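Below is the file work_15.cif, which contains mmCIF, C-alpha atoms.
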data_my_file
loop_
_atom_site.group_PDB
_atom_site.id
_atom_site.type_symbol
_atom_site.label_atom_id
_atom_site.label_comp_id
_atom_site.auth_asym_id
_atom_site.auth_seq_id
_atom_site.Cartn_x
_atom_site.Cartn_y
_atom_site.Cartn_z
ATOM 1 C CA MET G 29 -137.823 15.759 121.852
ATOM 2 C CA LEU G 30 -134.929 16.290 124.255
ATOM 3 C CA THR G 31 -131.886 18.208 123.043
ATOM 4 C CA TRP G 32 -128.327 18.539 124.336
ATOM 5 C CA ASN G 33 -129.318 21.871 125.950
ATOM 6 C CA ASP G 34 -132.098 20.076 127.868
ATOM 7 C CA VAL G 35 -129.610 17.451 129.072
ATOM 8 C CA ILE G 36 -127.139 20.086 130.285
ATOM 9 C CA ASN G 37 -129.964 21.988 131.984
ATOM 10 C CA PHE G 38 -131.072 18.846 133.856
ATOM 11 C CA ALA G 39 -127.489 17.971 134.850
ATOM 12 C CA ASN G 40 -126.869 21.490 136.169
ATOM 13 C CA ASN G 41 -130.245 22.378 137.673
ATOM 14 C CA GLY G 42 -131.981 19.132 138.669
ATOM 15 C CA ASN G 43 -133.730 16.260 136.977
ATOM 16 C CA PRO G 44 -137.415 15.771 136.156
ATOM 17 C CA THR G 45 -139.437 14.424 139.064
ATOM 18 C CA PRO G 46 -139.829 10.647 138.643
ATOM 19 C CA ARG G 47 -143.199 8.946 139.057
ATOM 20 C CA GLU G 48 -141.773 7.059 142.073
ATOM 21 C CA LYS G 49 -138.475 6.344 143.836
ATOM 22 C CA VAL G 50 -137.100 2.891 144.638
ATOM 23 C CA VAL G 51 -134.559 2.771 147.463
ATOM 24 C CA LYS G 52 -132.817 -0.394 148.685
ATOM 25 C CA THR G 53 -129.763 -1.133 150.753
ATOM 26 C CA ASP G 54 -126.538 -2.103 149.067
ATOM 27 C CA ALA G 55 -127.001 -5.640 150.403
ATOM 28 C CA GLN G 56 -130.491 -5.845 148.882
ATOM 29 C CA TRP G 57 -129.203 -4.720 145.466
ATOM 30 C CA GLN G 58 -126.338 -7.209 145.628
ATOM 31 C CA ALA G 59 -128.700 -10.062 146.512
ATOM 32 C CA MET G 60 -131.048 -9.424 143.575
ATOM 33 C CA LEU G 61 -128.544 -8.644 140.789
ATOM 34 C CA SER G 62 -125.896 -10.685 139.021
ATOM 35 C CA ASP G 63 -122.296 -9.714 139.778
ATOM 36 C CA GLU G 64 -122.032 -7.830 136.460
ATOM 37 C CA GLN G 65 -125.368 -6.056 136.889
ATOM 38 C CA TYR G 66 -124.399 -5.009 140.414
ATOM 39 C CA TYR G 67 -120.970 -3.774 139.297
ATOM 40 C CA VAL G 68 -122.415 -1.728 136.426
ATOM 41 C CA THR G 69 -125.551 -0.310 138.054
ATOM 42 C CA ARG G 70 -124.586 0.170 141.690
ATOM 43 C CA LYS G 71 -120.795 0.680 141.443
ATOM 44 C CA LYS G 72 -120.850 2.775 138.229
ATOM 45 C CA GLY G 73 -118.929 0.162 136.304
ATOM 46 C CA THR G 74 -118.670 -0.263 132.553
ATOM 47 C CA GLU G 75 -118.976 -3.519 130.659
ATOM 48 C CA ARG G 76 -116.435 -4.320 127.965
ATOM 49 C CA PRO G 77 -117.321 -2.849 124.564
ATOM 50 C CA HIS G 78 -118.961 -5.309 122.166
ATOM 51 C CA SER G 79 -119.611 -7.732 125.060
ATOM 52 C CA SER G 80 -123.344 -7.835 124.319
ATOM 53 C CA GLN G 81 -125.230 -8.770 121.180
ATOM 54 C CA SER G 82 -127.661 -6.017 122.160
ATOM 55 C CA CYS G 83 -125.458 -3.409 120.429
ATOM 56 C CA THR G 84 -126.506 -4.457 116.941
ATOM 57 C CA LEU G 85 -129.864 -6.035 117.792
ATOM 58 C CA LEU G 86 -132.360 -3.643 116.216
ATOM 59 C CA GLU G 87 -135.783 -5.195 116.697
ATOM 60 C CA PRO G 88 -139.018 -3.839 118.180
ATOM 61 C CA GLY G 89 -139.339 -3.767 121.923
ATOM 62 C CA LYS G 90 -138.819 -1.774 125.059
ATOM 63 C CA TYR G 91 -135.923 -1.628 127.501
ATOM 64 C CA ALA G 92 -136.369 -1.333 131.259
ATOM 65 C CA CYS G 93 -133.991 -0.834 134.175
ATOM 66 C CA VAL G 94 -132.675 -4.185 135.384
ATOM 67 C CA CYS G 95 -132.917 -2.941 138.980
ATOM 68 C CA CYS G 96 -136.445 -1.516 139.205
ATOM 69 C CA ASP G 97 -138.293 -2.193 135.906
ATOM 70 C CA ASN G 98 -138.562 1.535 135.086
ATOM 71 C CA LEU G 99 -139.167 1.860 131.334
ATOM 72 C CA LEU G 100 -136.029 3.524 129.926
ATOM 73 C CA PHE G 101 -136.018 3.279 126.131
ATOM 74 C CA ASP G 102 -138.071 2.184 123.147
ATOM 75 C CA ALA G 103 -136.276 0.205 120.435
ATOM 76 C CA ASP G 104 -137.629 2.703 117.877
ATOM 77 C CA GLU G 105 -134.949 5.101 119.222
ATOM 78 C CA LYS G 106 -132.138 2.504 119.126
ATOM 79 C CA PHE G 107 -129.320 2.619 116.583
ATOM 80 C CA ASP G 108 -125.984 0.913 115.966
ATOM 81 C CA SER G 109 -123.433 3.567 116.903
ATOM 82 C CA GLY G 110 -120.449 1.289 116.331
ATOM 83 C CA THR G 111 -119.175 2.131 119.825
ATOM 84 C CA GLY G 112 -119.687 -1.300 121.357
ATOM 85 C CA TRP G 113 -122.589 -0.335 123.630
ATOM 86 C CA PRO G 114 -126.324 -0.139 122.946
ATOM 87 C CA SER G 115 -127.207 3.401 121.842
ATOM 88 C CA PHE G 116 -130.455 5.362 121.808
ATOM 89 C CA THR G 117 -131.465 8.850 120.656
ATOM 90 C CA GLN G 118 -134.252 9.531 123.214
ATOM 91 C CA PRO G 119 -135.556 8.089 126.496
ATOM 92 C CA ALA G 120 -138.995 6.477 126.681
ATOM 93 C CA THR G 121 -140.275 9.468 128.683
ATOM 94 C CA VAL G 122 -138.697 12.736 129.804
ATOM 95 C CA ASP G 123 -138.740 11.617 133.456
ATOM 96 C CA ALA G 124 -137.264 8.117 132.843
ATOM 97 C CA ILE G 125 -133.623 9.221 132.944
ATOM 98 C CA GLY G 126 -131.610 11.382 135.340
ATOM 99 C CA TYR G 127 -128.496 13.317 134.312
ATOM 100 C CA VAL G 128 -125.394 13.809 136.456
ATOM 101 C CA ASN G 129 -122.264 15.816 135.686
ATOM 102 C CA ASP G 130 -119.359 13.345 135.715
ATOM 103 C CA LEU G 131 -115.796 14.613 136.020
ATOM 104 C CA SER G 132 -114.231 11.189 136.653
ATOM 105 C CA HIS G 133 -111.337 9.750 134.644
ATOM 106 C CA GLY G 134 -110.063 13.214 133.711
ATOM 107 C CA MET G 135 -113.027 13.838 131.397
ATOM 108 C CA GLN G 136 -116.121 16.012 131.469
ATOM 109 C CA ARG G 137 -119.152 13.867 130.657
ATOM 110 C CA VAL G 138 -122.814 13.523 131.582
ATOM 111 C CA GLU G 139 -123.751 10.277 133.305
ATOM 112 C CA VAL G 140 -127.228 8.845 132.714
ATOM 113 C CA VAL G 141 -128.984 7.093 135.585
ATOM 114 C CA CYS G 142 -132.356 5.489 136.102
ATOM 115 C CA ASN G 143 -134.434 8.343 137.507
ATOM 116 C CA VAL G 144 -136.390 5.914 139.711
ATOM 117 C CA CYS G 145 -133.596 3.941 141.451
ATOM 118 C CA ASP G 146 -130.437 5.889 140.513
ATOM 119 C CA ALA G 147 -128.861 2.883 138.762
ATOM 120 C CA HIS G 148 -125.869 3.847 136.625
ATOM 121 C CA LEU G 149 -126.788 3.250 132.973
ATOM 122 C CA GLY G 150 -123.955 4.877 131.040
ATOM 123 C CA HIS G 151 -123.311 8.315 129.527
ATOM 124 C CA ILE G 152 -124.857 10.647 126.981
ATOM 125 C CA PHE G 153 -123.035 12.455 124.189
ATOM 126 C CA PRO G 154 -124.049 15.144 121.646
ATOM 127 C CA ASP G 155 -122.818 13.109 118.652
ATOM 128 C CA GLY G 156 -125.907 11.070 117.810
ATOM 129 C CA PRO G 157 -127.977 11.123 114.632
ATOM 130 C CA ALA G 158 -130.452 13.844 113.665
ATOM 131 C CA PRO G 159 -132.859 15.148 114.625
ATOM 132 C CA SER G 160 -131.895 15.144 118.347
ATOM 133 C CA GLY G 161 -128.154 14.669 117.944
ATOM 134 C CA LEU G 162 -128.145 12.671 121.188
ATOM 135 C CA ARG G 163 -126.421 9.338 121.832
ATOM 136 C CA TYR G 164 -127.379 7.597 125.049
ATOM 137 C CA CYS G 165 -124.502 5.103 125.395
ATOM 138 C CA VAL G 166 -125.896 2.470 127.757
ATOM 139 C CA ASN G 167 -124.461 -0.668 129.348
ATOM 140 C CA ALA G 168 -126.503 -3.675 128.214
ATOM 141 C CA ALA G 169 -126.134 -5.147 131.725
ATOM 142 C CA ALA G 170 -128.153 -2.217 133.104
ATOM 143 C CA MET G 171 -131.223 -3.021 131.001
ATOM 144 C CA LYS G 172 -133.625 -5.836 130.279
ATOM 145 C CA LYS G 173 -135.636 -6.132 127.100
ATOM 146 C CA LEU G 174 -139.382 -6.380 127.593
#

Output the file's structure as structure tokens, nothing else.
Amino acid sequence: MLTWNDVINFANNGNPTPREKVVKTDAQWQAMLSDEQYYVTRKKGTERPHSSQSCTLLEPGKYACVCCDNLLFDADEKFDSGTGWPSFTQPATVDAIGYVNDLSHGMQRVEVVCNVCDAHLGHIFPDGPAPSGLRYCVNAAAMKKL
């Protein structure tokens, strides 16, 4: 189980090695994604809170990156955080997610990205439920349910 200390260590010292890397040009990403998916995943955008029914949808399943199909999360780790974005306590595998220090918008946060294609997913916070205490706050537009 990943902890906040693990997340900070990855953000500061390098992420787990992914099983593969997917690299495309900006034009290729734009051609394959919807405008919202492109804005969120490739331009580090954020969808409006509560804009997806996925926030409160707590049913079995798996969630993959909308850009490269990398398995990101299992619904068993999903919870309704009340924040307006889908939230998870753990990634599907340790190497599924990459962590990046984010000092934008006058805040100190940790960005979460797909570790295979570097798609922006959202941010992680140390205010989730026990036992991990983690809250992966993820844009619904960055994921597809399998």

Practice prompt. Would you kindly return, as a PyMOL selection string, each protein, DNA or RNA residue with an atom no farther than 8 Å from any atom of stretch 56-65 of chain G, considering all atoms listed in the file and excluding same-chain residues fewer than 6 positions away?
Written response: chain G and resi 75+94-95+169-170

Worksheet item: Any idea what's packed within 8 Å of G:Lys49, counting only C-alpha atoms, ignoring anything in its chain fewer than 3 positions away? Could you give it as a PyMOL selection string?
Response: chain G and resi 46+143-145

Discussion item. Just checking: using all atoms listed in the file, which residue out of G:Ala124, G:Ile36, G:Leu30, G:Val50 ends up closest to G:Cys142?
Written reply: G:Ala124

Item to complete: Kindly resolve the PyMOL selection byres ((chain G and resi 80) around 9) on the present coordinates and return the residues as a PyMOL selection string.
Response: chain G and resi 75-79+81-84+112-114+167-169

Worksheet item: Any chance you could work out the residue set of the PyMOL selection byres ((chain G and resi 89) around 12) here, as a PyMOL selection string?
Response: chain G and resi 82+85-88+90-92+99-106+120+172-174

Discussion item. If we count only C-alpha atoms and set the cut-off at 12 Å, which residues sit around G:Arg163, ignoring sequence neighbours fewer than 2 positions away in its own chain? Please answer as a ChimeraX atom specification.
Written reply: /G:30-32,35,105-111,113-119,138-140,150-161,165-166

Worksheet entry | Selected residue, from G:Met29, G:Leu149, G:Cys93, G:Ala39, that lies nearest to G:Tyr127 when counting all atoms listed in the file | G:Ala39

Item to complete: Kindly give the distance, in Å, that separates atom CA of G:Arg137 and atom CA of G:Thr121, rounded to a single decimal.
Response: 21.7 Å

Worksheet item: Can you tell me how far atom CA of G:Thr53 sits from atom CA of G:Lys71, in Å to one decimal?
Response: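 Interatomic distance, atom CA of G:Thr53 to atom CA of G:Lys71: 13.1 Å.
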
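In this comparison, which uses all atoms listed in the file, the residue of G:Asn40, G:Thr45, G:Asn33, G:Gln136 approaching G:Val122 most closely is G:Thr45.
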
Item to complete: Rounded to one decimal place, report the atom CA of G:Gly134-atom CA of G:Gly73 distance in Å.
Response: 16.0 Å

Response to the item:
With distances taken over all atoms listed in the file, the candidate from G:Met171, G:Val141, G:Val128, G:Ala147 nearest G:Phe38 is G:Val128
